[in-house]
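Participant: What follows is the file target_25.pdb, containing PDB, C-alpha atoms:
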ATOM      1  CA  MET A   1      11.492  -7.027  14.806
ATOM      2  CA  ASN A   2      14.828  -5.837  13.432
ATOM      3  CA  ASP A   3      16.814  -3.256  15.413
ATOM      4  CA  GLN A   4      16.352  -0.739  12.586
ATOM      5  CA  LEU A   5      12.620  -0.204  12.469
ATOM      6  CA  LEU A   6      11.292   1.290   9.253
ATOM      7  CA  LEU A   7       8.504   3.540  10.507
ATOM      8  CA  GLY A   8       6.784   6.078   8.349
ATOM      9  CA  ALA A   9       3.727   7.652   6.870
ATOM     10  CA  HIS A  10       2.095   8.973   3.756
ATOM     11  CA  VAL A  11       3.158  12.605   3.362
ATOM     12  CA  SER A  12       2.209  15.423   1.041
ATOM     13  CA  THR A  13       4.230  16.418  -2.020
ATOM     14  CA  SER A  14       2.672  19.885  -2.159
ATOM     15  CA  GLY A  15       5.240  22.200  -3.682
ATOM     16  CA  GLY A  16       7.020  19.351  -5.442
ATOM     17  CA  ILE A  17       8.043  15.753  -4.834
ATOM     18  CA  PHE A  18      11.315  16.970  -3.284
ATOM     19  CA  THR A  19       9.428  18.555  -0.354
ATOM     20  CA  ALA A  20       8.224  15.177   0.958
ATOM     21  CA  PRO A  21      11.406  13.971   2.757
ATOM     22  CA  LYS A  22      11.469  17.025   5.041
ATOM     23  CA  ARG A  23       7.811  16.449   5.915
ATOM     24  CA  GLY A  24       8.674  12.890   6.852
ATOM     25  CA  LYS A  25      11.568  13.985   9.023
ATOM     26  CA  ASP A  26       9.400  16.587  10.772
ATOM     27  CA  ILE A  27       7.034  13.913  12.113
ATOM     28  CA  GLY A  28       9.806  11.511  13.080
ATOM     29  CA  ALA A  29       9.501   9.119  10.130
ATOM     30  CA  ASN A  30      12.375   7.357   8.398
ATOM     31  CA  VAL A  31      10.128   5.991   5.614
ATOM     32  CA  ILE A  32       7.669   7.938   3.467
ATOM     33  CA  GLN A  33       4.906   7.158   1.023
ATOM     34  CA  ILE A  34       3.920   9.684  -1.638
ATOM     35  CA  PHE A  35       1.613  10.321  -4.577
ATOM     36  CA  CYS A  36       3.272  11.423  -7.809
ATOM     37  CA  ALA A  37       0.160  13.514  -8.576
ATOM     38  CA  SER A  38      -3.260  14.235  -7.132
ATOM     39  CA  PRO A  39      -4.832  10.842  -6.347
ATOM     40  CA  GLN A  40      -8.283  11.833  -7.606
ATOM     41  CA  ILE A  41      -7.557  13.803 -10.787
ATOM     42  CA  TRP A  42      -6.568  12.090 -14.022
ATOM     43  CA  SER A  43      -4.287  14.844 -15.315
ATOM     44  CA  LYS A  44      -0.825  13.422 -14.780
ATOM     45  CA  THR A  45       2.352  14.365 -16.570
ATOM     46  CA  LYS A  46       5.926  13.191 -16.537
ATOM     47  CA  LEU A  47       7.839  14.674 -13.598
ATOM     48  CA  PRO A  48      10.689  17.010 -14.569
ATOM     49  CA  GLN A  49      14.090  15.398 -14.005
ATOM     50  CA  GLU A  50      15.258  18.334 -11.892
ATOM     51  CA  LYS A  51      12.509  17.656  -9.329
ATOM     52  CA  ILE A  52      13.462  13.996  -9.172
ATOM     53  CA  ASP A  53      17.123  14.959  -8.757
ATOM     54  CA  LEU A  54      16.174  17.289  -5.899
ATOM     55  CA  PHE A  55      14.206  14.488  -4.242
ATOM     56  CA  ASN A  56      17.240  12.208  -4.468
ATOM     57  CA  VAL A  57      19.263  14.871  -2.627
ATOM     58  CA  GLU A  58      16.615  15.602   0.014
ATOM     59  CA  ARG A  59      15.780  11.990   0.854
ATOM     60  CA  PRO A  60      19.100  10.990   2.478
ATOM     61  CA  LYS A  61      19.656  14.490   3.836
ATOM     62  CA  ASN A  62      16.463  14.126   5.877
ATOM     63  CA  GLY A  63      17.174  10.590   7.073
ATOM     64  CA  ILE A  64      14.556   8.891   4.912
ATOM     65  CA  LEU A  65      15.678   5.302   4.355
ATOM     66  CA  GLN A  66      12.953   4.107   1.999
ATOM     67  CA  THR A  67      10.220   5.562  -0.190
ATOM     68  CA  VAL A  68       6.972   4.008  -1.392
ATOM     69  CA  ILE A  69       4.777   5.421  -4.164
ATOM     70  CA  HIS A  70       0.991   5.062  -4.052
ATOM     71  CA  SER A  71      -0.950   5.037  -7.309
ATOM     72  CA  GLN A  72      -4.043   7.116  -7.962
ATOM     73  CA  TYR A  73      -7.352   5.915  -6.550
ATOM     74  CA  LEU A  74      -8.985   6.166  -9.990
ATOM     75  CA  ILE A  75      -7.132   3.131 -11.361
ATOM     76  CA  ASN A  76      -9.295   0.207 -12.480
ATOM     77  CA  LEU A  77      -7.537  -2.537 -14.419
ATOM     78  CA  ALA A  78     -10.768  -4.562 -14.413
ATOM     79  CA  SER A  79     -12.796  -1.931 -16.243
ATOM     80  CA  GLU A  80     -14.761  -2.650 -19.432
ATOM     81  CA  LYS A  81     -14.038   0.886 -20.664
ATOM     82  CA  PRO A  82     -10.996   1.188 -22.992
ATOM     83  CA  GLU A  83     -10.594   4.869 -22.083
ATOM     84  CA  LEU A  84     -10.348   4.080 -18.365
ATOM     85  CA  LEU A  85      -7.854   1.298 -19.010
ATOM     86  CA  ALA A  86      -5.741   3.652 -21.132
ATOM     87  CA  LYS A  87      -5.789   6.360 -18.461
ATOM     88  CA  SER A  88      -4.906   3.794 -15.794
ATOM     89  CA  ASN A  89      -1.937   2.624 -17.853
ATOM     90  CA  VAL A  90      -0.635   6.150 -18.442
ATOM     91  CA  SER A  91      -0.936   7.005 -14.742
ATOM     92  CA  LEU A  92       0.778   3.821 -13.611
ATOM     93  CA  SER A  93       3.524   4.252 -16.203
ATOM     94  CA  VAL A  94       4.418   7.629 -14.687
ATOM     95  CA  ASP A  95       4.470   6.100 -11.203
ATOM     96  CA  MET A  96       6.666   3.206 -12.341
ATOM     97  CA  GLU A  97       9.095   5.596 -14.032
ATOM     98  CA  VAL A  98       9.447   7.662 -10.864
ATOM     99  CA  CYS A  99       9.771   4.460  -8.823
ATOM    100  CA  ALA A 100      12.823   3.453 -10.858
ATOM    101  CA  LYS A 101      14.386   6.913 -10.784
ATOM    102  CA  ILE A 102      14.150   7.401  -7.026
ATOM    103  CA  GLY A 103      14.814   3.777  -6.059
ATOM    104  CA  ALA A 104      11.438   3.360  -4.370
ATOM    105  CA  VAL A 105      10.374   0.059  -2.815
ATOM    106  CA  GLY A 106       7.516  -0.052  -5.292
ATOM    107  CA  VAL A 107       4.221   1.403  -6.502
ATOM    108  CA  VAL A 108       1.275   0.350  -4.327
ATOM    109  CA  VAL A 109      -1.827  -0.169  -6.455
ATOM    110  CA  HIS A 110      -5.517  -0.755  -5.796
ATOM    111  CA  VAL A 111      -5.945  -2.784  -8.980
ATOM    112  CA  GLY A 112      -9.654  -2.002  -9.246
ATOM    113  CA  SER A 113     -13.169  -3.361  -8.928
ATOM    114  CA  HIS A 114     -15.037  -6.031 -10.857
ATOM    115  CA  MET A 115     -18.149  -3.839 -10.444
ATOM    116  CA  GLY A 116     -20.360  -6.777  -9.544
ATOM    117  CA  LYS A 117     -19.191  -9.053 -12.363
ATOM    118  CA  GLY A 118     -17.179 -11.237  -9.997
ATOM    119  CA  TRP A 119     -13.481 -12.050  -9.737
ATOM    120  CA  ASP A 120     -13.536 -14.866 -12.280
ATOM    121  CA  ALA A 121     -14.953 -12.556 -14.941
ATOM    122  CA  VAL A 122     -12.105 -10.042 -14.725
ATOM    123  CA  LYS A 123      -9.023 -11.814 -13.424
ATOM    124  CA  GLU A 124      -7.487 -12.620 -16.816
ATOM    125  CA  GLN A 125      -7.864  -9.005 -17.933
ATOM    126  CA  VAL A 126      -6.290  -7.644 -14.752
ATOM    127  CA  VAL A 127      -3.232  -9.862 -15.140
ATOM    128  CA  LYS A 128      -2.972  -8.952 -18.831
ATOM    129  CA  GLU A 129      -2.985  -5.233 -17.981
ATOM    130  CA  ILE A 130      -0.327  -5.624 -15.277
ATOM    131  CA  ALA A 131       1.847  -7.710 -17.593
ATOM    132  CA  LYS A 132       1.533  -5.070 -20.320
ATOM    133  CA  LEU A 133       2.600  -2.372 -17.876
ATOM    134  CA  LEU A 134       5.616  -4.383 -16.727
ATOM    135  CA  SER A 135       6.696  -4.970 -20.328
ATOM    136  CA  THR A 136       6.808  -1.235 -21.061
ATOM    137  CA  THR A 137       8.397   0.091 -17.857
ATOM    138  CA  ASP A 138      11.846   0.103 -16.310
ATOM    139  CA  ASP A 139      13.079  -3.211 -14.904
ATOM    140  CA  LYS A 140      13.938  -1.411 -11.642
ATOM    141  CA  SER A 141      10.298  -0.495 -11.016
ATOM    142  CA  VAL A 142       8.103  -2.704  -8.829
ATOM    143  CA  PHE A 143       4.311  -3.197  -8.914
ATOM    144  CA  LEU A 144       2.716  -3.896  -5.505
ATOM    145  CA  ILE A 145      -0.867  -5.170  -5.278
ATOM    146  CA  GLU A 146      -2.685  -3.869  -2.187
ATOM    147  CA  ASN A 147      -5.240  -6.017  -0.386
ATOM    148  CA  ALA A 148      -8.753  -4.587  -0.176
ATOM    149  CA  ALA A 149     -11.553  -4.537   2.384
ATOM    150  CA  GLY A 150     -14.014  -6.000  -0.125
ATOM    151  CA  GLN A 151     -16.147  -2.907  -0.647
ATOM    152  CA  LYS A 152     -17.922  -2.440  -3.999
ATOM    153  CA  GLY A 153     -16.296  -5.402  -5.700
ATOM    154  CA  LYS A 154     -12.742  -4.310  -4.945
ATOM    155  CA  ILE A 155     -10.215  -6.926  -6.003
ATOM    156  CA  GLY A 156      -7.761  -8.387  -3.499
ATOM    157  CA  SER A 157      -9.926  -8.654  -0.386
ATOM    158  CA  ASP A 158      -9.404 -12.416  -0.643
ATOM    159  CA  LEU A 159      -5.668 -13.100  -0.409
ATOM    160  CA  ARG A 160      -6.109 -16.040  -2.769
ATOM    161  CA  GLU A 161      -6.764 -13.507  -5.518
ATOM    162  CA  ILE A 162      -3.391 -11.864  -4.844
ATOM    163  CA  ARG A 163      -1.709 -15.285  -4.826
ATOM    164  CA  TRP A 164      -3.314 -16.110  -8.190
ATOM    165  CA  MET A 165      -2.155 -12.837  -9.780
ATOM    166  CA  LEU A 166       1.406 -13.325  -8.564
ATOM    167  CA  ASP A 167       1.431 -16.884  -9.907
ATOM    168  CA  GLN A 168       0.164 -15.844 -13.315
ATOM    169  CA  LEU A 169       2.561 -12.921 -13.692
ATOM    170  CA  LYS A 170       5.714 -14.861 -12.823
ATOM    171  CA  ALA A 171       7.509 -11.519 -12.701
ATOM    172  CA  GLY A 172       9.905 -12.259  -9.843
ATOM    173  CA  LYS A 173      11.010  -9.207  -7.903
ATOM    174  CA  ARG A 174       9.033  -6.817 -10.110
ATOM    175  CA  VAL A 175       5.702  -7.778  -8.533
ATOM    176  CA  GLY A 176       4.729  -8.135  -4.894
ATOM    177  CA  TRP A 177       2.000  -7.000  -2.547
ATOM    178  CA  CYS A 178       1.175  -4.531   0.198
ATOM    179  CA  LEU A 179      -0.742  -5.529   3.335
ATOM    180  CA  ASP A 180      -3.138  -2.998   4.849
ATOM    181  CA  SER A 181      -4.236  -3.783   8.418
ATOM    182  CA  CYS A 182      -7.541  -1.911   8.169
ATOM    183  CA  HIS A 183      -8.414  -3.604   4.885
ATOM    184  CA  ALA A 184      -7.538  -7.078   6.184
ATOM    185  CA  PHE A 185      -9.634  -6.473   9.326
ATOM    186  CA  GLY A 186     -12.575  -5.252   7.233
ATOM    187  CA  ALA A 187     -12.286  -8.204   4.854
ATOM    188  CA  GLY A 188     -12.565 -10.693   7.711
ATOM    189  CA  TYR A 189      -8.990 -11.672   8.466
ATOM    190  CA  SER A 190      -8.396 -11.688  12.208
ATOM    191  CA  LEU A 191      -5.167  -9.955  13.194
ATOM    192  CA  VAL A 192      -4.851 -12.213  16.253
ATOM    193  CA  PRO A 193      -5.893 -15.879  16.512
ATOM    194  CA  MET A 194      -9.667 -16.184  17.026
ATOM    195  CA  ASP A 195     -11.731 -19.371  17.173
ATOM    196  CA  GLY A 196     -13.613 -19.918  13.947
ATOM    197  CA  GLU A 197     -11.988 -17.003  12.120
ATOM    198  CA  LYS A 198      -9.356 -16.813   9.389
ATOM    199  CA  TYR A 199      -6.111 -15.797  11.085
ATOM    200  CA  LEU A 200      -4.231 -13.433   8.792
ATOM    201  CA  PHE A 201      -0.747 -14.794   9.346
ATOM    202  CA  ASP A 202      -1.861 -18.408   8.935
ATOM    203  CA  GLU A 203      -3.360 -17.427   5.585
ATOM    204  CA  ILE A 204      -0.162 -15.666   4.520
ATOM    205  CA  ALA A 205       1.870 -18.752   5.422
ATOM    206  CA  GLU A 206      -0.540 -21.183   3.771
ATOM    207  CA  LEU A 207      -0.586 -19.148   0.546
ATOM    208  CA  ASP A 208       3.191 -18.649   0.623
ATOM    209  CA  LEU A 209       2.820 -14.867   0.497
ATOM    210  CA  LYS A 210       5.494 -13.886   3.010
ATOM    211  CA  ASP A 211       8.416 -13.411   0.616
ATOM    212  CA  SER A 212       6.391 -11.289  -1.808
ATOM    213  CA  LEU A 213       5.121  -8.965   0.962
ATOM    214  CA  LYS A 214       7.065  -5.711   0.621
ATOM    215  CA  VAL A 215       5.093  -2.958   2.400
ATOM    216  CA  VAL A 216       2.673  -2.742   5.344
ATOM    217  CA  HIS A 217       0.048  -0.032   5.767
ATOM    218  CA  VAL A 218      -0.624   0.364   9.484
ATOM    219  CA  ASN A 219      -4.128   1.729   9.945
ATOM    220  CA  ASP A 220      -6.718   1.243  12.659
ATOM    221  CA  SER A 221     -10.323   0.915  11.483
ATOM    222  CA  ARG A 222     -13.314   3.143  12.114
ATOM    223  CA  ASP A 223     -15.534   0.139  11.359
ATOM    224  CA  GLU A 224     -15.972  -3.250  12.958
ATOM    225  CA  TYR A 225     -14.437  -6.555  11.935
ATOM    226  CA  LEU A 226     -15.787  -7.976   8.647
ATOM    227  CA  SER A 227     -17.453  -4.657   7.803
ATOM    228  CA  HIS A 228     -16.040  -4.612   4.248
ATOM    229  CA  ARG A 229     -15.449  -0.907   4.776
ATOM    230  CA  ASP A 230     -12.240   1.031   4.188
ATOM    231  CA  ARG A 231     -12.204   3.867   6.705
ATOM    232  CA  HIS A 232      -8.957   4.417   8.562
ATOM    233  CA  ALA A 233      -8.610   5.528  12.175
ATOM    234  CA  ASN A 234      -5.682   6.799  14.229
ATOM    235  CA  LEU A 235      -3.712   4.210  16.171
ATOM    236  CA  TYR A 236      -5.348   3.311  19.529
ATOM    237  CA  ASP A 237      -8.608   5.007  18.457
ATOM    238  CA  GLY A 238     -10.297   2.452  16.201
ATOM    239  CA  MET A 239     -11.972  -0.941  16.326
ATOM    240  CA  ILE A 240      -8.699  -2.868  16.004
ATOM    241  CA  GLY A 241      -7.313  -1.326  19.169
ATOM    242  CA  LYS A 242      -3.972  -1.114  20.904
ATOM    243  CA  GLU A 243      -3.450  -4.722  22.047
ATOM    244  CA  THR A 244      -4.409  -6.315  18.738
ATOM    245  CA  MET A 245      -2.313  -3.829  16.782
ATOM    246  CA  HIS A 246       0.688  -4.585  18.989
ATOM    247  CA  ALA A 247       0.298  -8.318  18.343
ATOM    248  CA  PHE A 248      -0.037  -7.644  14.615
ATOM    249  CA  LEU A 249       3.013  -5.376  14.385
ATOM    250  CA  THR A 250       5.315  -7.627  16.379
ATOM    251  CA  HIS A 251       4.544 -10.764  14.371
ATOM    252  CA  LYS A 252       7.702 -12.177  12.788
ATOM    253  CA  THR A 253       6.130 -12.025   9.316
ATOM    254  CA  LEU A 254       6.421  -8.228   9.336
ATOM    255  CA  SER A 255      10.007  -8.080  10.581
ATOM    256  CA  GLY A 256      12.143  -5.664   8.578
ATOM    257  CA  LEU A 257       9.296  -4.346   6.416
ATOM    258  CA  PRO A 258       8.444  -0.640   6.020
ATOM    259  CA  LEU A 259       5.453   0.229   8.227
ATOM    260  CA  ILE A 260       3.481   3.146   6.846
ATOM    261  CA  LEU A 261       0.642   5.121   8.427
ATOM    262  CA  GLU A 262      -2.299   6.319   6.308
ATOM    263  CA  ILE A 263      -4.421   7.750   9.087
ATOM    264  CA  PRO A 264      -6.255  11.064   9.637
ATOM    265  CA  GLY A 265      -3.893  12.345  12.335
ATOM    266  CA  MET A 266      -4.860  14.095  15.540
ATOM    267  CA  GLU A 267      -5.830  17.290  13.688
ATOM    268  CA  GLY A 268      -7.326  15.561  10.660
ATOM    269  CA  THR A 269      -4.524  16.730   8.383
ATOM    270  CA  GLY A 270      -2.778  13.395   7.929
ATOM    271  CA  PRO A 271      -0.190  11.309   9.756
ATOM    272  CA  ASP A 272       1.577  13.220  12.518
ATOM    273  CA  LYS A 273       4.278  12.933  15.152
ATOM    274  CA  GLU A 274       1.837  11.618  17.767
ATOM    275  CA  ASN A 275       0.890   8.640  15.600
ATOM    276  CA  ILE A 276       4.543   7.947  14.694
ATOM    277  CA  GLU A 277       5.250   7.854  18.446
ATOM    278  CA  ARG A 278       2.309   5.485  18.965
ATOM    279  CA  LEU A 279       3.576   3.282  16.138
ATOM    280  CA  THR A 280       7.044   3.213  17.674
ATOM    281  CA  ALA A 281       5.623   2.268  21.074
ATOM    282  CA  LEU A 282       3.496  -0.519  19.577
ATOM    283  CA  CYS A 283       6.531  -2.033  17.852
ATOM    284  CA  HIS A 284       8.555  -2.010  21.079
ATOM    285  CA  ALA A 285       5.903  -2.724  23.716
TER     286      ALA A 285
END
Go through the file and emit its structure as structure tokens.
Facilitator:
Amino acid sequence: MNDQLLLGAHVSTSGGIFTAPKRGKDIGANVIQIFCASPQIWSKTKLPQEKIDLFNVERPKNGILQTVIHSQYLINLASEKPELLAKSNVSLSVDMEVCAKIGAVGVVVHVGSHMGKGWDAVKEQVVKEIAKLLSTTDDKSVFLIENAAGQKGKIGSDLREIRWMLDQLKAGKRVGWCLDSCHAFGAGYSLVPMDGEKYLFDEIAELDLKDSLKVVHVNDSRDEYLSHRDRHANLYDGMIGKETMHAFLTHKTLSGLPLILEIPGMEGTGPDKENIERLTALCHA
């Protein structure tokens, strides 16, 4: 790993986007991930410039080196419903605008679910929707596809799907992907070499996905390997465990990337100082 570790967590923006850097600092993070609005409510409006300006003052003041934006969970670019596609586009457009204005690494997106129709039935539409979004948003904004655990037809549980989308988009630095440890584990990618199993880092190398990997979500799993479930656990406390997580985090593929916690925290209120300390120890152990 690089000397300057980028260790962080998803933090609240309650009170305004500009409040997030201080929350990151308070738990010992130097990287933060934020929502630009409630992740489960469609109402989303353009952020006032003064709040963005305040964020750009607070971020360096609180020692935050990088910021990542996470899109709303309601997004589904594979939907058959025009209204849902339109709402998804509006929501993502706001995120991409903020991304450009605050110099964020990118907007992490769960691109959606095929709802039982299968990947082949929706893949062209998904790429078309992403391309449309890129054509109407700032060139400094970046779209990051997150891998999925495979639950309920979620797209991206197979890394070949992410490779295919990147190949079709041909958007250079404006498109990349985000690796979630819990999702990969649930989808059946072993985080350490295991006989007869797909080793995550071999797959990344084989599919040439290293250079397009921009963000890592570091989450233990409440569920067992190949569960196809997306339920995060605190570090040390889940089915992935301390030793496997250490091997995962210290792999050369992840060197220099922002490592972001999305875990419940010791009090169930979100990532906390204890888990940042555990993350730090795992990267150095």
Participant: With all atoms listed in the file as the atoms that count, which of A:Ile102, A:Leu235, A:Leu261, A:Met245 lies nearest to Val57 of chain A?
Facilitator: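 Among the listed residues, the smallest separation from Val57 of chain A belongs to A:Ile102.
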Participant: Suppose a student applies the PyMOL selection byres ((chain A and resi 22) around 9) to this structure; what residues should they get, written as an mmCIF file with C-alpha atoms, in the coordinates of the input?
Facilitator:
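Full text of part-v2.cif as output:
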data_model
loop_
_atom_site.group_PDB
_atom_site.id
_atom_site.type_symbol
_atom_site.label_atom_id
_atom_site.label_comp_id
_atom_site.auth_asym_id
_atom_site.auth_seq_id
_atom_site.Cartn_x
_atom_site.Cartn_y
_atom_site.Cartn_z
ATOM 1 C CA PHE A 18 11.315 16.970 -3.284
ATOM 2 C CA THR A 19 9.428 18.555 -0.354
ATOM 3 C CA ALA A 20 8.224 15.177 0.958
ATOM 4 C CA PRO A 21 11.406 13.971 2.757
ATOM 5 C CA ARG A 23 7.811 16.449 5.915
ATOM 6 C CA GLY A 24 8.674 12.890 6.852
ATOM 7 C CA LYS A 25 11.568 13.985 9.023
ATOM 8 C CA ASP A 26 9.400 16.587 10.772
ATOM 9 C CA ILE A 27 7.034 13.913 12.113
ATOM 10 C CA GLU A 58 16.615 15.602 0.014
ATOM 11 C CA ARG A 59 15.780 11.990 0.854
ATOM 12 C CA LYS A 61 19.656 14.490 3.836
ATOM 13 C CA ASN A 62 16.463 14.126 5.877
ATOM 14 C CA GLY A 63 17.174 10.590 7.073
ATOM 15 C CA ILE A 64 14.556 8.891 4.912
#
Participant: Check which residues satisfy the PyMOL selection byres ((chain A and resi 256-260) around 6) in the file shown, then give them as a ChimeraX atom specification.
Facilitator: /A:2,6-9,215-218,254-255,261
Participant: Quick check on the file I pasted: which residues fall under the PyMOL selection byres ((chain A and resi 93-95) around 12)? Write them as a ChimeraX atom specification.
Facilitator: /A:34-39,42-48,68-72,75,86-92,96-109,129-130,132-138,141-144
Participant: Report as a list of chain:residue names all protein, DNA and RNA residues lying within 9 Å of segment 156-163 of chain A, evaluated on only C-alpha atoms, omitting residues in the same chain fewer than 4 positions from it.
Facilitator: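 Counting only the stated atoms, we get A:His110, A:Val111, A:Gly112, A:Trp119, A:Lys123, A:Ile145, A:Glu146, A:Asn147, A:Ala148, A:Ala149, A:Gly150, A:Gln151, A:Asp167, A:Gln168, A:Gly176, A:Trp177, A:His183, A:Ala184, A:Gly186, A:Ala187, A:Gly188, A:Glu203, A:Ile204, A:Leu207, A:Asp208, A:Leu209, A:His228.
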Participant: Taking all atoms listed in the file into account, which of A:Glu80, A:Asp120, A:Glu274, A:Glu206 comes nearest Tyr236 of chain A?
Facilitator: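 Residue with the minimum atom-to-atom distance to Tyr236 of chain A: A:Glu274.
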Participant: Pick the closest to Lys252 of chain A from A:Gly153, A:Cys283, A:Ser12, A:Asp53: which is it, counting only C-alpha atoms?
Facilitator: A:Cys283
Participant: Place a sphere of radius 10 Å on (4.3, 0.9, 18.7) in the file coordinates and name every protein, DNA or RNA residue with an atom inside or on its surface, counting all atoms listed in the file; give the answer as a PDB file with C-alpha atoms, keeping the file's coordinate frame.
Facilitator:
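Written out: selection_35.pdb:
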ATOM      1  CA  LEU A   7       8.504   3.540  10.507  1.00  0.00           C
ATOM      2  CA  LEU A 235      -3.712   4.210  16.171  1.00  0.00           C
ATOM      3  CA  TYR A 236      -5.348   3.311  19.529  1.00  0.00           C
ATOM      4  CA  LYS A 242      -3.972  -1.114  20.904  1.00  0.00           C
ATOM      5  CA  MET A 245      -2.313  -3.829  16.782  1.00  0.00           C
ATOM      6  CA  HIS A 246       0.688  -4.585  18.989  1.00  0.00           C
ATOM      7  CA  LEU A 249       3.013  -5.376  14.385  1.00  0.00           C
ATOM      8  CA  THR A 250       5.315  -7.627  16.379  1.00  0.00           C
ATOM      9  CA  ASN A 275       0.890   8.640  15.600  1.00  0.00           C
ATOM     10  CA  ILE A 276       4.543   7.947  14.694  1.00  0.00           C
ATOM     11  CA  GLU A 277       5.250   7.854  18.446  1.00  0.00           C
ATOM     12  CA  ARG A 278       2.309   5.485  18.965  1.00  0.00           C
ATOM     13  CA  LEU A 279       3.576   3.282  16.138  1.00  0.00           C
ATOM     14  CA  THR A 280       7.044   3.213  17.674  1.00  0.00           C
ATOM     15  CA  ALA A 281       5.623   2.268  21.074  1.00  0.00           C
ATOM     16  CA  LEU A 282       3.496  -0.519  19.577  1.00  0.00           C
ATOM     17  CA  CYS A 283       6.531  -2.033  17.852  1.00  0.00           C
ATOM     18  CA  HIS A 284       8.555  -2.010  21.079  1.00  0.00           C
ATOM     19  CA  ALA A 285       5.903  -2.724  23.716  1.00  0.00           C
TER      20      ALA A 285
END
Participant: Please put the answer as lines of an AutoDock Vina configuration file: centre and edge lengths, in Å with one decimal, of a box along x, y and z that encloses all listed atoms of segment 218-228 of chain A plus 8 Å on each side.
Facilitator:
center_x = -9.0
center_y = -2.4
center_z = 8.6
size_x = 32.8
size_y = 27.1
size_z = 24.7
Participant: Hey, which of A:Gly16, A:Leu200, A:Phe185, A:Asp195 ends up closest to Asp220 of chain A? Count all atoms listed in the file.
Facilitator: A:Phe185
Participant: How many Å lie between atom CA of Thr253 of chain A and atom CA of Asp230 of chain A, rounded to one decimal?
Facilitator: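 About the pair atom CA of Thr253 of chain A and atom CA of Asp230 of chain A: they are 23.1 Å apart.
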Participant: With a distance cut-off of 12 Å and all atoms listed in the file, select the neighbouring residues of Lys117 of chain A, excluding the residue or stretch itself and same-chain residues fewer than 4 positions from it, and output the selection as a list in words.
Facilitator: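 Contacts, with the query itself left out: Ala78, Ser79, Glu80, Ser113, Ala121, Val122, Lys123, Lys152, Gly153, Lys154 and Ile155 of chain A.
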Participant: For atom CA of Phe248 of chain A and atom CA of Pro193 of chain A, quote the distance in Å rounded to one decimal.
Facilitator: 10.3 Å
Participant: So what do you get for atom CA of Ile32 of chain A versus atom CA of Gln4 of chain A, distance-wise?
Facilitator: 15.3 Å
Participant: Identify which of the residues A:Glu267, A:Glu243, A:Glu262, A:Ile52 lies closest to Asp180 of chain A, counting only C-alpha atoms when measuring atom-to-atom distances.
Facilitator: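 Smallest distance to Asp180 of chain A is found for A:Glu262.
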Participant: Quick one: of A:Ile263, A:Ala205, A:Ile17, A:Cys182, who's nearest to Asp223 of chain A, counting all atoms listed in the file?
Facilitator: A:Cys182
